[in-house]
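What follows is the content of input_33.txt, which has compact mmCIF, C-alpha atoms and all ligand atoms:
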# COMPACT_ATOMS: atom_id res chain seq x y z
CA MET A 28 51.50 44.21 -71.91
CA GLU A 29 49.35 44.44 -74.99
CA ILE A 30 51.17 44.01 -78.30
CA VAL A 31 49.32 45.30 -81.34
CA ILE A 32 50.81 44.51 -84.75
CA LEU A 33 49.44 46.52 -87.65
CA PRO A 34 50.13 46.41 -91.39
CA SER A 35 51.73 49.82 -91.80
CA ALA A 36 53.34 52.75 -90.01
CA ALA A 37 50.26 54.85 -90.86
CA ASP A 38 48.09 52.31 -89.03
CA VAL A 39 50.38 52.59 -86.00
CA ASP A 40 49.99 56.38 -86.01
CA ALA A 41 46.20 56.17 -86.21
CA ALA A 42 45.84 53.51 -83.50
CA ALA A 43 48.13 55.38 -81.11
CA ALA A 44 46.36 58.68 -81.85
CA ASP A 45 43.03 56.97 -80.99
CA ILE A 46 44.39 56.06 -77.55
CA VAL A 47 45.67 59.59 -76.85
CA ALA A 48 42.50 61.25 -78.15
CA SER A 49 40.15 58.99 -76.19
CA LEU A 50 42.02 59.77 -72.96
CA VAL A 51 41.87 63.53 -73.56
CA LEU A 52 38.17 63.35 -74.50
CA LYS A 53 37.52 61.58 -71.20
CA ARG A 54 39.93 63.76 -69.22
CA PRO A 55 40.49 67.15 -70.85
CA ASP A 56 43.07 68.01 -68.16
CA ALA A 57 45.10 64.84 -68.75
CA VAL A 58 48.86 64.92 -68.22
CA LEU A 59 50.71 63.50 -71.22
CA GLY A 60 54.32 62.44 -71.49
CA VAL A 61 55.57 63.27 -74.97
CA ALA A 62 58.49 61.76 -76.86
CA THR A 63 60.41 63.45 -79.65
CA GLY A 64 62.19 61.79 -82.59
CA SER A 65 60.61 60.22 -85.67
CA SER A 66 58.45 57.54 -84.03
CA PRO A 67 55.66 59.75 -82.62
CA GLN A 68 55.61 62.32 -85.44
CA GLY A 69 52.74 60.59 -87.23
CA ILE A 70 50.74 60.44 -83.99
CA TYR A 71 51.14 64.20 -83.55
CA ARG A 72 50.16 64.81 -87.18
CA GLN A 73 47.05 62.65 -86.73
CA LEU A 74 46.11 64.44 -83.53
CA ALA A 75 46.71 67.86 -85.10
CA GLY A 76 44.23 66.91 -87.85
CA ARG A 77 41.65 65.91 -85.25
CA VAL A 78 42.21 69.18 -83.36
CA ALA A 79 41.73 71.13 -86.61
CA ASP A 80 38.47 69.21 -87.20
CA GLY A 81 37.27 70.08 -83.69
CA ALA A 82 37.17 66.40 -82.67
CA VAL A 83 39.48 66.85 -79.67
CA SER A 84 41.18 69.69 -77.79
CA PHE A 85 44.43 69.75 -75.84
CA ALA A 86 43.79 73.26 -74.52
CA GLY A 87 43.28 71.97 -70.96
CA ALA A 88 45.91 69.22 -71.04
CA SER A 89 49.49 69.32 -69.80
CA ALA A 90 52.61 67.71 -71.23
CA PHE A 91 56.08 66.72 -70.08
CA ALA A 92 58.80 65.92 -72.59
CA LEU A 93 60.91 62.84 -71.95
CA ASP A 94 64.27 64.45 -72.44
CA GLU A 95 66.43 67.32 -73.69
CA TYR A 96 69.97 67.64 -74.95
CA VAL A 97 72.52 69.25 -72.65
CA GLY A 98 74.56 72.07 -74.11
CA LEU A 99 72.32 72.79 -77.10
CA ASP A 100 70.84 76.27 -77.14
CA VAL A 101 67.06 76.06 -76.51
CA GLY A 102 66.62 78.13 -79.68
CA HIS A 103 68.45 75.52 -81.81
CA PRO A 104 65.89 73.94 -84.17
CA GLU A 105 66.80 70.47 -82.88
CA SER A 106 66.63 71.26 -79.20
CA TYR A 107 63.69 69.34 -77.78
CA HIS A 108 62.27 72.68 -76.58
CA SER A 109 62.07 73.65 -80.27
CA VAL A 110 60.87 70.25 -81.46
CA ILE A 111 58.11 70.05 -78.84
CA ALA A 112 57.01 73.64 -79.62
CA ARG A 113 56.98 72.97 -83.38
CA GLU A 114 55.57 69.42 -83.52
CA VAL A 115 53.41 69.18 -80.41
CA CYS A 116 52.54 72.45 -78.68
CA GLY A 117 51.58 74.51 -81.71
CA PRO A 118 49.81 71.89 -83.86
CA LEU A 119 47.90 70.35 -80.93
CA GLY A 120 47.04 73.71 -79.34
CA PHE A 121 48.51 73.09 -75.90
CA ASP A 122 48.69 76.03 -73.51
CA GLN A 123 52.47 76.68 -73.61
CA ALA A 124 52.46 77.31 -69.85
CA ARG A 125 51.41 73.70 -69.26
CA VAL A 126 54.16 72.11 -71.36
CA ARG A 127 57.51 71.35 -69.75
CA VAL A 128 60.83 70.20 -71.20
CA PRO A 129 63.88 69.45 -69.01
CA ASP A 130 66.26 72.40 -68.80
CA GLY A 131 69.37 71.17 -70.58
CA SER A 132 70.92 74.64 -70.47
CA ALA A 133 70.73 74.98 -66.69
CA ALA A 134 73.96 75.93 -64.94
CA ASP A 135 73.11 73.25 -62.38
CA THR A 136 71.69 70.29 -64.32
CA ARG A 137 71.27 68.23 -61.17
CA LYS A 138 68.99 70.88 -59.73
CA ALA A 139 67.13 71.10 -63.05
CA ALA A 140 66.59 67.34 -63.05
CA ALA A 141 65.28 67.39 -59.48
CA ALA A 142 62.98 70.31 -60.36
CA TYR A 143 61.61 68.29 -63.27
CA GLU A 144 60.75 65.38 -60.99
CA THR A 145 59.00 67.80 -58.63
CA ALA A 146 57.04 69.37 -61.50
CA ILE A 147 55.79 65.95 -62.64
CA ALA A 148 54.75 65.07 -59.09
CA ASP A 149 53.06 68.47 -58.63
CA ALA A 150 51.04 67.84 -61.80
CA GLY A 151 49.75 64.62 -60.23
CA GLY A 152 51.98 62.34 -62.31
CA ILE A 153 51.74 61.41 -65.97
CA ASP A 154 48.54 59.75 -67.18
CA LEU A 155 49.83 58.55 -70.55
CA GLN A 156 53.48 58.39 -71.59
CA ILE A 157 54.16 58.17 -75.33
CA LEU A 158 57.44 56.35 -76.02
CA GLY A 159 59.64 55.50 -78.98
CA ILE A 160 62.56 53.09 -78.65
CA GLY A 161 66.15 53.47 -79.75
CA THR A 162 67.83 50.88 -81.98
CA ASN A 163 69.92 50.01 -78.91
CA GLY A 164 66.81 49.57 -76.77
CA HIS A 165 66.79 52.88 -74.90
CA ILE A 166 63.55 54.56 -73.85
CA GLY A 167 63.78 58.24 -73.05
CA PHE A 168 67.55 58.51 -73.26
CA ASN A 169 68.06 55.73 -70.72
CA GLU A 170 70.85 53.99 -72.51
CA PRO A 171 71.67 50.30 -71.97
CA THR A 172 72.55 49.50 -68.33
CA SER A 173 70.62 52.51 -67.00
CA SER A 174 69.23 51.61 -63.61
CA LEU A 175 65.66 50.38 -63.81
CA ALA A 176 65.01 52.60 -60.77
CA SER A 177 66.66 55.71 -62.22
CA ARG A 178 65.13 59.19 -61.91
CA THR A 179 65.50 62.26 -64.11
CA ARG A 180 69.21 62.94 -64.51
CA VAL A 181 72.06 63.67 -66.88
CA LYS A 182 73.07 60.76 -69.12
CA THR A 183 75.84 60.27 -71.64
CA LEU A 184 74.39 59.44 -75.04
CA ALA A 185 75.61 56.14 -76.48
CA PRO A 186 77.64 56.42 -79.70
CA GLN A 187 74.86 54.44 -81.44
CA THR A 188 72.27 57.01 -80.35
CA ARG A 189 74.45 59.91 -81.51
CA ALA A 190 74.90 58.18 -84.86
CA ASP A 191 71.15 57.49 -85.16
CA ASN A 192 70.29 61.12 -84.36
CA ALA A 193 72.95 62.58 -86.66
CA ARG A 194 70.26 62.78 -89.37
CA PHE A 195 68.76 65.76 -87.54
CA PHE A 196 72.03 67.74 -87.56
CA ALA A 197 74.15 69.29 -90.32
CA ASP A 198 77.30 67.59 -88.98
CA PRO A 199 77.34 64.33 -86.92
CA ALA A 200 79.81 66.02 -84.58
CA ASP A 201 77.06 68.54 -83.69
CA VAL A 202 74.96 65.87 -81.94
CA PRO A 203 75.31 66.62 -78.23
CA THR A 204 77.07 64.07 -76.07
CA HIS A 205 74.78 64.46 -73.05
CA CYS A 206 71.13 64.87 -72.19
CA ILE A 207 68.73 65.18 -69.29
CA THR A 208 66.25 62.34 -69.40
CA GLN A 209 63.39 61.14 -67.30
CA GLY A 210 64.66 58.01 -65.57
CA LEU A 211 63.29 54.53 -66.06
CA GLY A 212 61.79 54.74 -62.57
CA THR A 213 60.16 58.05 -63.52
CA ILE A 214 58.74 56.68 -66.78
CA PHE A 215 57.52 53.58 -64.98
CA GLU A 216 55.29 55.70 -62.73
CA ALA A 217 53.18 56.92 -65.65
CA ARG A 218 49.77 55.31 -65.43
CA HIS A 219 49.78 54.08 -69.04
CA LEU A 220 52.83 53.50 -71.25
CA LEU A 221 52.25 53.64 -75.01
CA LEU A 222 55.27 52.60 -77.05
CA VAL A 223 55.26 52.80 -80.84
CA ALA A 224 57.88 51.45 -83.23
CA GLN A 225 58.03 51.36 -86.98
CA GLY A 226 60.55 49.77 -89.33
CA ALA A 227 62.97 46.86 -89.31
CA SER A 228 65.70 48.88 -87.61
CA LYS A 229 63.65 48.64 -84.38
CA SER A 230 62.91 44.91 -84.63
CA ASP A 231 65.86 43.78 -82.50
CA ALA A 232 65.18 46.31 -79.73
CA ILE A 233 61.48 45.35 -79.79
CA ALA A 234 62.20 41.62 -79.58
CA HIS A 235 64.43 42.20 -76.53
CA ALA A 236 61.98 44.63 -74.90
CA VAL A 237 58.92 42.43 -75.38
CA GLU A 238 60.25 38.88 -75.18
CA GLY A 239 63.71 39.12 -73.64
CA PRO A 240 64.48 38.98 -69.95
CA VAL A 241 63.81 42.18 -67.99
CA SER A 242 67.23 43.74 -67.91
CA SER A 243 68.91 47.13 -67.86
CA ARG A 244 70.84 45.85 -70.90
CA TRP A 245 67.64 46.47 -72.88
CA PRO A 246 65.89 49.33 -71.03
CA GLY A 247 62.63 48.95 -72.98
CA SER A 248 62.15 45.59 -71.24
CA ILE A 249 60.97 47.50 -68.14
CA LEU A 250 57.59 47.68 -69.88
CA GLN A 251 57.12 44.00 -69.02
CA LEU A 252 56.74 44.98 -65.36
CA HIS A 253 54.19 47.73 -65.97
CA PRO A 254 50.52 47.05 -65.21
CA HIS A 255 49.32 49.00 -68.26
CA ALA A 256 51.65 49.01 -71.24
CA THR A 257 50.59 49.07 -74.89
CA VAL A 258 53.08 48.41 -77.67
CA ILE A 259 51.93 49.26 -81.19
CA LEU A 260 54.14 48.02 -84.04
CA ASP A 261 54.14 47.81 -87.78
CA GLU A 262 54.97 44.46 -89.35
CA ALA A 263 58.64 45.35 -89.87
CA ALA A 264 59.21 46.34 -86.23
CA ALA A 265 57.41 43.15 -85.14
CA SER A 266 59.34 40.91 -87.52
CA ARG A 267 61.58 39.33 -84.85
CA LEU A 268 58.86 38.57 -82.33
CA GLU A 269 58.60 34.83 -81.73
CA LEU A 270 55.02 35.03 -80.51
CA ALA A 271 53.70 37.46 -83.14
CA ASP A 272 50.85 35.11 -84.09
CA TYR A 273 49.73 34.88 -80.49
CA TYR A 274 49.68 38.70 -80.16
CA ARG A 275 47.53 38.96 -83.31
CA TYR A 276 45.22 36.26 -81.95
CA ALA A 277 44.94 38.02 -78.57
CA VAL A 278 43.99 41.33 -80.20
CA ALA A 279 41.47 39.64 -82.52
CA ASN A 280 39.87 37.92 -79.52
CA LYS A 281 40.08 40.79 -77.04
CA PRO A 282 37.10 40.82 -74.69
CA ALA A 283 34.76 43.79 -75.23
C1 LIG A 301 62.86 60.88 -77.70
C2 LIG A 301 63.34 59.75 -76.95
C3 LIG A 301 63.98 58.58 -77.59
C4 LIG A 301 63.42 58.21 -78.96
C5 LIG A 301 64.24 57.09 -79.57
C6 LIG A 301 63.74 56.68 -80.93
O1 LIG A 301 62.30 61.85 -76.85
O2 LIG A 301 63.27 59.79 -75.78
O3 LIG A 301 63.84 57.46 -76.74
O4 LIG A 301 62.09 57.82 -78.83
O5 LIG A 301 65.58 57.50 -79.68
O6 LIG A 301 63.97 57.73 -81.80
P1 LIG A 301 63.28 57.76 -83.22
O7 LIG A 301 61.82 57.80 -82.97
O8 LIG A 301 63.76 59.03 -83.87
O9 LIG A 301 63.70 56.53 -83.93
Give the structure from the file, written as structure tokens.
Amino acid sequence: MEIVILPSAADVDAAAADIVASLVLKRPDAVLGVATGSSPQGIYRQLAGRVADGAVSFAGASAFALDEYVGLDVGHPESYHSVIAREVCGPLGFDQARVRVPDGSAADTRKAAAAYETAIADAGGIDLQILGIGTNGHIGFNEPTSSLASRTRVKTLAPQTRADNARFFADPADVPTHCITQGLGTIFEARHLLLVAQGASKSDAIAHAVEGPVSSRWPGSILQLHPHATVILDEAAASRLELADYYRYAVANKPA
């Protein structure tokens, strides 16, 4: 796992955008895993600027969202169908037909989850998965004690997650109670995991994910087992890392 600590949230956005853009320049038909929420918004803004400048194109790339609320109309502005369309698809110029979001409105959510797994496999798997992390350590919506081997499925959102996401809704009671999320086992199969975190509210989850034992108690800790995981943090998110100086040293002395 490579831990990159940068002075500001804007630096995190730019460094993560560099990684995404360089993959898509090398592989225009790359398959990206895209997170929603606040953490990756700056990455998408950065990439949208580069697309507008003609520096990179996502026209041939595909994307799979990490998760979707269950029971929220797809047309709701906070459904992840809407968020992905508004923040990712449109600004980055993806071909809509190559962007998938789990079907949280399906009559049979189990079938929808299985179909999502099949779609990822049919696309050849995910090349680069962008991740944020919840204050309680979740990645995707794999809440604490999610099986490290879990696949795409329905999960109950933790009260902490519902409270954290209440800022997106007019009334906290409107935050759905359930979601369909890629499982930890699904996420783990992506060829490169890129997790970004900004702000002190993420520092505890980051310390557990990066330096704690690998445990379903802190789902982000599964990154420790991945052969290619990059964690990009601002100073505040990194503030509880015991070995922060070593990570800075390792980046400064990275072989060419
Ligand atoms: C979003 C997702 C979640 C978020 C996490 C952090 O698709 O799967 O894991 O990344 O809840 O959310 P923010 O970035 O809003 O703090």
Subject >> Selection as a list in words: residues within 7 Å of ligand LIG 301 (chain A) by all atoms listed in the file >> reply: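 If we count all atoms listed in the file, the neighbours of ligand LIG 301 (chain A) turn out to be Ala62, Thr63, Gly64, Ser65, Ser66, Pro67, Ala92, Leu93, Asp94, Leu158, Gly159, Ile160, Gly161, His165, Ile166, Gly167, Phe168, Thr188 and Asn192 of chain A.
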Original post:
Hey, can you check how far atom CA of A:Arg125 sits from atom CA of A:Gln209?
Top reply: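 Between atom CA of A:Arg125 and atom CA of A:Gln209 the gap works out to 17.5 Å.
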Each stretch 119-213 of chain A residue no farther than 9 Å from stretch 44-56 of chain A, nearest pair in Å, all atoms listed in the file, as JSON lines:
{"residue": "A:Asp154", "atom": "CA", "partner": "A:Leu50", "partner_atom": "CA", "distance": 8.7}
{"residue": "A:Leu155", "atom": "CA", "partner": "A:Val47", "partner_atom": "CA", "distance": 7.6}
{"residue": "A:Ile157", "atom": "CA", "partner": "A:Val47", "partner_atom": "CA", "distance": 8.7}
Subject >> Spatial neighbours of A:Tyr276, 12 Å, all atoms listed in the file, chain gap at least 5 places, as a PyMOL selection string >> reply: chain A and resi 29-32+270-271+281-282
Original post:
Quick one: distance from atom CA of A:Val58 to atom CA of A:Asp122 in Å, one decimal?
Top reply: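 Computing the Euclidean distance for atom CA of A:Val58 and atom CA of A:Asp122 yields 12.3 Å.
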**OP:** Mind giving me the straight-line distance from atom CA of A:Arg244 to atom CA of A:Thr208 in Å, one decimal?
**Re:** 17.2 Å
Subject >> Long-range neighbours of A:Asn169 as a list in words, 9 Å cut-off, all atoms listed in the file, 5 positions minimum in chain >> reply: Gly164, Ser174, Ser177, Lys182, Leu184, Thr208, Gln209, Gly210, Leu211, Pro246 and Gly247 of chain A
If we count only C-alpha atoms and set the cut-off at 7 Å, which residues sit around A:Gly226, ignoring sequence neighbours fewer than 6 positions away in its own chain? Please answer as a PDB file with C-alpha atoms, keeping the file's coordinate frame.
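For reference, selection_30.pdb as written:
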ATOM      1  CA  ASP A 261      54.140  47.810 -87.780  1.00  0.00           C
ATOM      2  CA  ALA A 263      58.640  45.350 -89.870  1.00  0.00           C
ATOM      3  CA  ALA A 264      59.210  46.340 -86.230  1.00  0.00           C
TER       4      ALA A 264
END
**OP:** Between A:Arg178, A:Leu260, A:Asp272, A:Thr213, single out the one closest to A:Ala41, counting all atoms listed in the file.
**Re:**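 Comparing A:Arg178, A:Leu260, A:Asp272, A:Thr213 against A:Ala41, the winner is A:Leu260.
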Show me the residues close to (64.3, 47.1, -80.8) - anything with an atom within 9 Å, counting only C-alpha atoms - and format the list as an mmCIF file with C-alpha atoms, in the frame of the given file.
data_model
loop_
_atom_site.group_PDB
_atom_site.id
_atom_site.type_symbol
_atom_site.label_atom_id
_atom_site.label_comp_id
_atom_site.auth_asym_id
_atom_site.auth_seq_id
_atom_site.Cartn_x
_atom_site.Cartn_y
_atom_site.Cartn_z
ATOM 1 C CA ILE A 160 62.560 53.090 -78.650
ATOM 2 C CA GLY A 161 66.150 53.470 -79.750
ATOM 3 C CA THR A 162 67.830 50.880 -81.980
ATOM 4 C CA ASN A 163 69.920 50.010 -78.910
ATOM 5 C CA GLY A 164 66.810 49.570 -76.770
ATOM 6 C CA HIS A 165 66.790 52.880 -74.900
ATOM 7 C CA ALA A 224 57.880 51.450 -83.230
ATOM 8 C CA ALA A 227 62.970 46.860 -89.310
ATOM 9 C CA SER A 228 65.700 48.880 -87.610
ATOM 10 C CA LYS A 229 63.650 48.640 -84.380
ATOM 11 C CA SER A 230 62.910 44.910 -84.630
ATOM 12 C CA ASP A 231 65.860 43.780 -82.500
ATOM 13 C CA ALA A 232 65.180 46.310 -79.730
ATOM 14 C CA ILE A 233 61.480 45.350 -79.790
ATOM 15 C CA ALA A 234 62.200 41.620 -79.580
ATOM 16 C CA HIS A 235 64.430 42.200 -76.530
ATOM 17 C CA ALA A 236 61.980 44.630 -74.900
ATOM 18 C CA VAL A 237 58.920 42.430 -75.380
ATOM 19 C CA TRP A 245 67.640 46.470 -72.880
ATOM 20 C CA GLY A 247 62.630 48.950 -72.980
ATOM 21 C CA ALA A 264 59.210 46.340 -86.230
#
Original post:
So which one's closest to A:Arg275, A:Pro171, A:Gly69, A:Pro34, A:Gly76? Using only C-alpha atoms, please.
Top reply: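 So, comparing all the options, the nearest one is A:Pro34.
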